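One structure below.
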Amino acid sequence: MKISCLLLDDDPLVLDLLQAYVAMTDILDVKAAFTDPLDAHRYLMDNHVQVLFSDVTMPHLSGIDLVRSLQQPPLVVLMTAYPQYAMEGFNLDVIDFLLKPISLDRFLKAVNKVAGILRVNTSALDVQNDTLTGWGSFFIRTDAQFVRLHYREVLYIEALKDFTKINTSDGRTHLTLVNLKNLEEQLPPGLFVRTHRSYLVNASRIDSVSNLEVKVGGHALPLGQTYRERVTERIVNRSLIRRQQ
């Protein structure tokens with residue numbers, strides 16, 4: 001059984017990020033997504049959802065005021081960059097309070113809370129949590145053995161003709177007879193990002209991004225022009241703390 005939800009945030013980029021997170025869980029069913037809280041209010045007056053993911057500070061109507069205006073609100077997860085709203089939110093018996101920028105693992109924890117309250121079977125989600133947050137693992141074949149690597153320990157993967165070299169956070173390297181394209185296709189979507197035709201990088205381990213390179217674990221890797229916009233949008237823009245207008 002999927003959990004029906006409504007997403008509300010006046011920043012379209014945040015909504016895009018939430019939609020991407022939702023797609024990874026396979027347990028949430030987004031019935032509607034709004035940037036205007038008044039539109040969300042009108043929807044909730046006529047439609048039922050099980051959980052509302054709502055920003056707090058928005059024009060016209062705050063997320064807290066929206067919840068107060070509903071006679072029978074759904075389960076609520078509030079989101080904001082301002083922690084001072086947490087106490088007020090919890091006074092409304094909200095399920096969770098997510099501080100921006102919202103990380104995937106923190107979002108999944110909130111989903112697990114909701115699923116637990118609704119008594120939804122979360123076994124599949126628990127497996128996905130391990131993979132999506134980097135705690136899962138995979139095997140590669142080296143010269144004469146199969147080696148287990150954990151996603152969280154992989155810094156980046158480098159193409160070497162028909163081989164790939166996997167570089168891990170402990171300084172080790174592993175060569176495997178699988179080309180980079182083939183390996184990329186078999187890794188979970190969302191964990192790694194292509195920064196160059198010869199490099200695949202663990203998105204969660206990137207320390208900085210510039211016009212020409214990304215830095216991960218003390219290594220400076222080239223950022224190809226073809227991949228620059230995609231990397232900037234996915235790694236930087238989705239979790240960038242912006243100046244308030």
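Going through the structure tokens in order, the chains are called A, B, and so on, while each chain numbers its residues from 1 and the ligands are numbered from 1 in the order shown.
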Legend entry - Spatial neighbours of A:Arg205, 10 Å, only C-alpha atoms, chain gap at least 3 places, as a ChimeraX atom specification: /A:152-156,169,191-192,201-202,208,215-217
Using N, CA and C atoms, can you write the selected residues to a file as a PDB file, in the first residue's frame?
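File produced: out05.pdb:
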ATOM      1  N   ARG A 152      29.063   3.782   0.449  1.00  0.00           N
ATOM      2  CA  ARG A 152      29.510   4.965   1.185  1.00  0.00           C
ATOM      3  C   ARG A 152      31.018   5.156   1.131  1.00  0.00           C
ATOM      4  N   GLU A 153      31.785   4.054   0.880  1.00  0.00           N
ATOM      5  CA  GLU A 153      33.238   4.170   0.895  1.00  0.00           C
ATOM      6  C   GLU A 153      33.827   4.474  -0.480  1.00  0.00           C
ATOM      7  N   VAL A 154      33.009   4.422  -1.513  1.00  0.00           N
ATOM      8  CA  VAL A 154      33.502   4.704  -2.865  1.00  0.00           C
ATOM      9  C   VAL A 154      33.547   6.214  -3.074  1.00  0.00           C
ATOM     10  N   LEU A 155      34.731   6.729  -3.436  1.00  0.00           N
ATOM     11  CA  LEU A 155      34.868   8.154  -3.734  1.00  0.00           C
ATOM     12  C   LEU A 155      34.539   8.433  -5.192  1.00  0.00           C
ATOM     13  N   TYR A 156      35.241   7.750  -6.080  1.00  0.00           N
ATOM     14  CA  TYR A 156      34.986   7.945  -7.504  1.00  0.00           C
ATOM     15  C   TYR A 156      35.467   6.731  -8.284  1.00  0.00           C
ATOM     16  N   SER A 169      37.612   5.521   0.020  1.00  0.00           N
ATOM     17  CA  SER A 169      38.017   6.537   0.984  1.00  0.00           C
ATOM     18  C   SER A 169      39.215   6.130   1.831  1.00  0.00           C
ATOM     19  N   LEU A 191      22.902   7.687  -6.758  1.00  0.00           N
ATOM     20  CA  LEU A 191      24.051   7.680  -5.852  1.00  0.00           C
ATOM     21  C   LEU A 191      25.293   8.291  -6.492  1.00  0.00           C
ATOM     22  N   PHE A 192      25.458   8.099  -7.793  1.00  0.00           N
ATOM     23  CA  PHE A 192      26.665   8.546  -8.468  1.00  0.00           C
ATOM     24  C   PHE A 192      26.304   9.505  -9.597  1.00  0.00           C
ATOM     25  N   VAL A 201      31.380   9.903 -10.027  1.00  0.00           N
ATOM     26  CA  VAL A 201      31.707  10.342  -8.673  1.00  0.00           C
ATOM     27  C   VAL A 201      30.543  10.080  -7.727  1.00  0.00           C
ATOM     28  N   ASN A 202      30.862   9.656  -6.506  1.00  0.00           N
ATOM     29  CA  ASN A 202      29.861   9.495  -5.462  1.00  0.00           C
ATOM     30  C   ASN A 202      29.302  10.873  -5.107  1.00  0.00           C
ATOM     31  N   SER A 208      33.418  20.105  -3.195  1.00  0.00           N
ATOM     32  CA  SER A 208      33.257  21.404  -3.843  1.00  0.00           C
ATOM     33  C   SER A 208      33.137  21.216  -5.346  1.00  0.00           C
ATOM     34  N   LYS A 215      35.921  18.416  -6.350  1.00  0.00           N
ATOM     35  CA  LYS A 215      36.855  17.845  -5.390  1.00  0.00           C
ATOM     36  C   LYS A 215      36.123  16.840  -4.521  1.00  0.00           C
ATOM     37  N   VAL A 216      36.732  15.686  -4.373  1.00  0.00           N
ATOM     38  CA  VAL A 216      36.146  14.626  -3.571  1.00  0.00           C
ATOM     39  C   VAL A 216      37.263  13.904  -2.831  1.00  0.00           C
ATOM     40  N   GLY A 217      37.163  13.888  -1.510  1.00  0.00           N
ATOM     41  CA  GLY A 217      38.154  13.197  -0.700  1.00  0.00           C
ATOM     42  C   GLY A 217      39.578  13.647  -0.942  1.00  0.00           C
TER      43      GLY A 217
END
Would you mind listing what lies within 12 Å of A:Leu187 as a PDB file with C-alpha atoms, in the first residue's frame, with only C-alpha atoms counted and same-chain residues fewer than 3 positions away left out?
ATOM      1  CA  THR A 131      21.114   1.592  -0.728  1.00  0.00           C
ATOM      2  CA  LEU A 132      20.060   5.192  -1.208  1.00  0.00           C
ATOM      3  CA  GLY A 134      25.059   4.679   0.918  1.00  0.00           C
ATOM      4  CA  GLY A 136      24.315  -0.835   0.932  1.00  0.00           C
ATOM      5  CA  SER A 137      27.042  -2.723  -0.860  1.00  0.00           C
ATOM      6  CA  PHE A 138      27.928  -4.480  -4.103  1.00  0.00           C
ATOM      7  CA  PHE A 139      30.471  -7.018  -5.321  1.00  0.00           C
ATOM      8  CA  ILE A 140      33.065  -6.634  -8.045  1.00  0.00           C
ATOM      9  CA  HIS A 150      30.121  -0.387   0.361  1.00  0.00           C
ATOM     10  CA  TYR A 151      28.617   2.502  -1.572  1.00  0.00           C
ATOM     11  CA  VAL A 154      33.502   4.704  -2.865  1.00  0.00           C
ATOM     12  CA  ILE A 157      35.293   5.520 -10.389  1.00  0.00           C
ATOM     13  CA  LEU A 180      32.461   2.603 -17.040  1.00  0.00           C
ATOM     14  CA  LYS A 181      29.216   2.763 -19.017  1.00  0.00           C
ATOM     15  CA  ASN A 182      28.311  -0.792 -18.082  1.00  0.00           C
ATOM     16  CA  LEU A 183      29.142  -0.214 -14.428  1.00  0.00           C
ATOM     17  CA  GLU A 184      27.154   3.026 -14.291  1.00  0.00           C
ATOM     18  CA  GLY A 190      20.958   8.751  -7.783  1.00  0.00           C
ATOM     19  CA  LEU A 191      24.051   7.680  -5.852  1.00  0.00           C
ATOM     20  CA  PHE A 192      26.665   8.546  -8.468  1.00  0.00           C
ATOM     21  CA  VAL A 193      26.999  11.387 -10.962  1.00  0.00           C
ATOM     22  CA  LEU A 200      31.843   8.729 -12.128  1.00  0.00           C
ATOM     23  CA  VAL A 201      31.707  10.342  -8.673  1.00  0.00           C
ATOM     24  CA  ASN A 202      29.861   9.495  -5.462  1.00  0.00           C
TER      25      ASN A 202
END
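Compared by their closest atoms to A:Leu223, and using only C-alpha atoms, the residues A:Ala40, A:Val209, A:Met58, A:Leu52 rank with A:Val209 nearest.
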Inset, instruction - List every residue of stretch 77-198 of chain A that DSSP, applied to the backbone of this structure, assigns to strand (DSSP E), and report them as JSON, numbers by chain. - result: {"A": [77, 78, 79, 80, 96, 97, 98, 99, 137, 138, 139, 140, 141, 146, 147, 148, 149, 150, 154, 155, 156, 157, 158, 159, 160, 163, 164, 165, 166, 167, 168, 173, 174, 175, 176, 192, 193, 194, 195, 196]}
Export N, CA and C atoms of the chosen residues as a compact mmCIF listing (two decimals), in the first residue's frame?
# COMPACT_ATOMS: atom_id res chain seq x y z
N VAL A 77 4.48 16.80 7.92
CA VAL A 77 5.92 16.94 8.03
C VAL A 77 6.25 18.35 7.58
N LEU A 78 6.78 19.17 8.48
CA LEU A 78 7.12 20.54 8.14
C LEU A 78 8.58 20.66 7.71
N MET A 79 8.85 21.63 6.82
CA MET A 79 10.19 21.82 6.28
C MET A 79 10.53 23.31 6.32
N THR A 80 11.73 23.64 6.77
CA THR A 80 12.13 25.05 6.79
C THR A 80 13.63 25.16 7.02
N ASP A 96 7.16 15.20 11.91
CA ASP A 96 8.60 15.45 11.85
C ASP A 96 8.83 16.87 11.38
N PHE A 97 10.05 17.34 11.60
CA PHE A 97 10.43 18.70 11.24
C PHE A 97 11.77 18.62 10.52
N LEU A 98 11.80 18.92 9.22
CA LEU A 98 13.00 18.77 8.41
C LEU A 98 13.65 20.12 8.17
N LEU A 99 14.92 20.22 8.53
CA LEU A 99 15.65 21.45 8.29
C LEU A 99 16.27 21.44 6.89
N SER A 137 25.75 -2.28 -0.33
CA SER A 137 27.04 -2.72 -0.86
C SER A 137 26.85 -3.46 -2.16
N PHE A 138 27.95 -3.72 -2.86
CA PHE A 138 27.93 -4.48 -4.10
C PHE A 138 29.25 -5.25 -4.22
N PHE A 139 29.26 -6.24 -5.08
CA PHE A 139 30.47 -7.02 -5.32
C PHE A 139 31.06 -6.67 -6.69
N ILE A 140 32.38 -6.70 -6.76
CA ILE A 140 33.07 -6.63 -8.04
C ILE A 140 34.00 -7.83 -8.14
N ARG A 141 34.33 -8.17 -9.36
CA ARG A 141 35.28 -9.26 -9.57
C ARG A 141 36.64 -8.66 -9.92
N PHE A 146 36.03 -12.23 -5.60
CA PHE A 146 34.94 -11.26 -5.56
C PHE A 146 35.13 -10.40 -4.32
N VAL A 147 35.06 -9.09 -4.50
CA VAL A 147 35.31 -8.16 -3.41
C VAL A 147 34.06 -7.34 -3.14
N ARG A 148 33.65 -7.27 -1.86
CA ARG A 148 32.51 -6.46 -1.49
C ARG A 148 32.96 -5.01 -1.21
N LEU A 149 32.25 -4.06 -1.81
CA LEU A 149 32.50 -2.64 -1.56
C LEU A 149 31.20 -2.00 -1.10
N HIS A 150 31.29 -1.13 -0.10
CA HIS A 150 30.12 -0.39 0.36
C HIS A 150 30.02 0.93 -0.41
N VAL A 154 33.01 4.42 -1.51
CA VAL A 154 33.50 4.70 -2.86
C VAL A 154 33.55 6.21 -3.07
N LEU A 155 34.73 6.73 -3.44
CA LEU A 155 34.87 8.15 -3.73
C LEU A 155 34.54 8.43 -5.19
N TYR A 156 35.24 7.75 -6.08
CA TYR A 156 34.99 7.95 -7.50
C TYR A 156 35.47 6.73 -8.28
N ILE A 157 34.98 6.64 -9.51
CA ILE A 157 35.29 5.52 -10.39
C ILE A 157 35.85 6.09 -11.68
N GLU A 158 36.97 5.52 -12.13
CA GLU A 158 37.70 6.07 -13.27
C GLU A 158 37.75 5.04 -14.41
N ALA A 159 37.51 5.51 -15.62
CA ALA A 159 37.56 4.63 -16.79
C ALA A 159 39.00 4.43 -17.23
N LEU A 160 39.36 3.16 -17.47
CA LEU A 160 40.68 2.80 -18.01
C LEU A 160 40.47 1.83 -19.17
N PHE A 163 38.67 -1.44 -18.57
CA PHE A 163 38.64 -1.62 -17.13
C PHE A 163 38.03 -0.38 -16.47
N THR A 164 37.70 -0.51 -15.21
CA THR A 164 37.42 0.65 -14.38
C THR A 164 38.23 0.52 -13.09
N LYS A 165 38.64 1.67 -12.58
CA LYS A 165 39.37 1.71 -11.32
C LYS A 165 38.49 2.38 -10.28
N ILE A 166 38.17 1.65 -9.23
CA ILE A 166 37.31 2.16 -8.17
C ILE A 166 38.19 2.64 -7.02
N ASN A 167 38.07 3.92 -6.69
CA ASN A 167 38.87 4.53 -5.64
C ASN A 167 38.03 4.71 -4.38
N THR A 168 38.53 4.20 -3.25
CA THR A 168 37.76 4.24 -2.02
C THR A 168 38.39 5.20 -1.01
N THR A 173 42.56 1.10 -4.24
CA THR A 173 41.98 1.08 -5.58
C THR A 173 41.68 -0.36 -5.98
N HIS A 174 40.63 -0.53 -6.78
CA HIS A 174 40.23 -1.86 -7.21
C HIS A 174 39.99 -1.82 -8.72
N LEU A 175 40.63 -2.71 -9.45
CA LEU A 175 40.44 -2.80 -10.89
C LEU A 175 39.46 -3.92 -11.20
N THR A 176 38.52 -3.63 -12.08
CA THR A 176 37.58 -4.66 -12.48
C THR A 176 37.34 -4.57 -13.99
N PHE A 192 25.46 8.10 -7.79
CA PHE A 192 26.67 8.55 -8.47
C PHE A 192 26.30 9.51 -9.60
N VAL A 193 27.24 10.41 -9.91
CA VAL A 193 27.00 11.39 -10.96
C VAL A 193 28.21 11.41 -11.89
N ARG A 194 27.95 11.47 -13.18
CA ARG A 194 29.04 11.54 -14.17
C ARG A 194 29.52 12.99 -14.24
N THR A 195 30.81 13.20 -14.02
CA THR A 195 31.39 14.54 -14.08
C THR A 195 32.26 14.73 -15.32
N HIS A 196 32.57 13.63 -15.97
CA HIS A 196 33.48 13.64 -17.11
C HIS A 196 33.29 12.30 -17.81
Inset, instruction - Would you list the contacts of stretch 29-35 of chain A as an MDAnalysis selection string, taking every protein, DNA or RNA residue within 8 Å and counting only C-alpha atoms, but skipping same-chain residues closer than 5 positions in sequence? - result: chainID A and resid 2:12 15 22 40 49
Would you list the contacts of A:Leu44 as a PDB file with C-alpha atoms, in the first residue's frame, taking every protein, DNA or RNA residue within 9 Å and counting only C-alpha atoms, but skipping same-chain residues closer than 2 positions in sequence?
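Below is the file that was written, result08.pdb:
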ATOM      1  CA  LEU A   6       0.780  16.423  -0.946  1.00  0.00           C
ATOM      2  CA  ASP A  39      -3.913  26.313  -3.812  1.00  0.00           C
ATOM      3  CA  ALA A  40      -2.901  23.594  -1.364  1.00  0.00           C
ATOM      4  CA  HIS A  41      -5.586  24.726   1.067  1.00  0.00           C
ATOM      5  CA  ARG A  42      -8.275  24.562  -1.612  1.00  0.00           C
ATOM      6  CA  ASP A  46     -11.959  18.802  -1.194  1.00  0.00           C
ATOM      7  CA  ASN A  47      -9.450  15.944  -1.251  1.00  0.00           C
ATOM      8  CA  HIS A  48      -7.917  13.547   1.243  1.00  0.00           C
ATOM      9  CA  VAL A  49      -4.220  12.734   1.529  1.00  0.00           C
ATOM     10  CA  LEU A  70      -7.777  22.497   8.570  1.00  0.00           C
ATOM     11  CA  PRO A  73      -5.417  17.836   8.797  1.00  0.00           C
ATOM     12  CA  PRO A  74      -3.450  14.875   7.484  1.00  0.00           C
TER      13      PRO A  74
END
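If you look at atom CA of A:Arg197 and atom CA of A:Tyr227, they are 8.6 Å away from each other.
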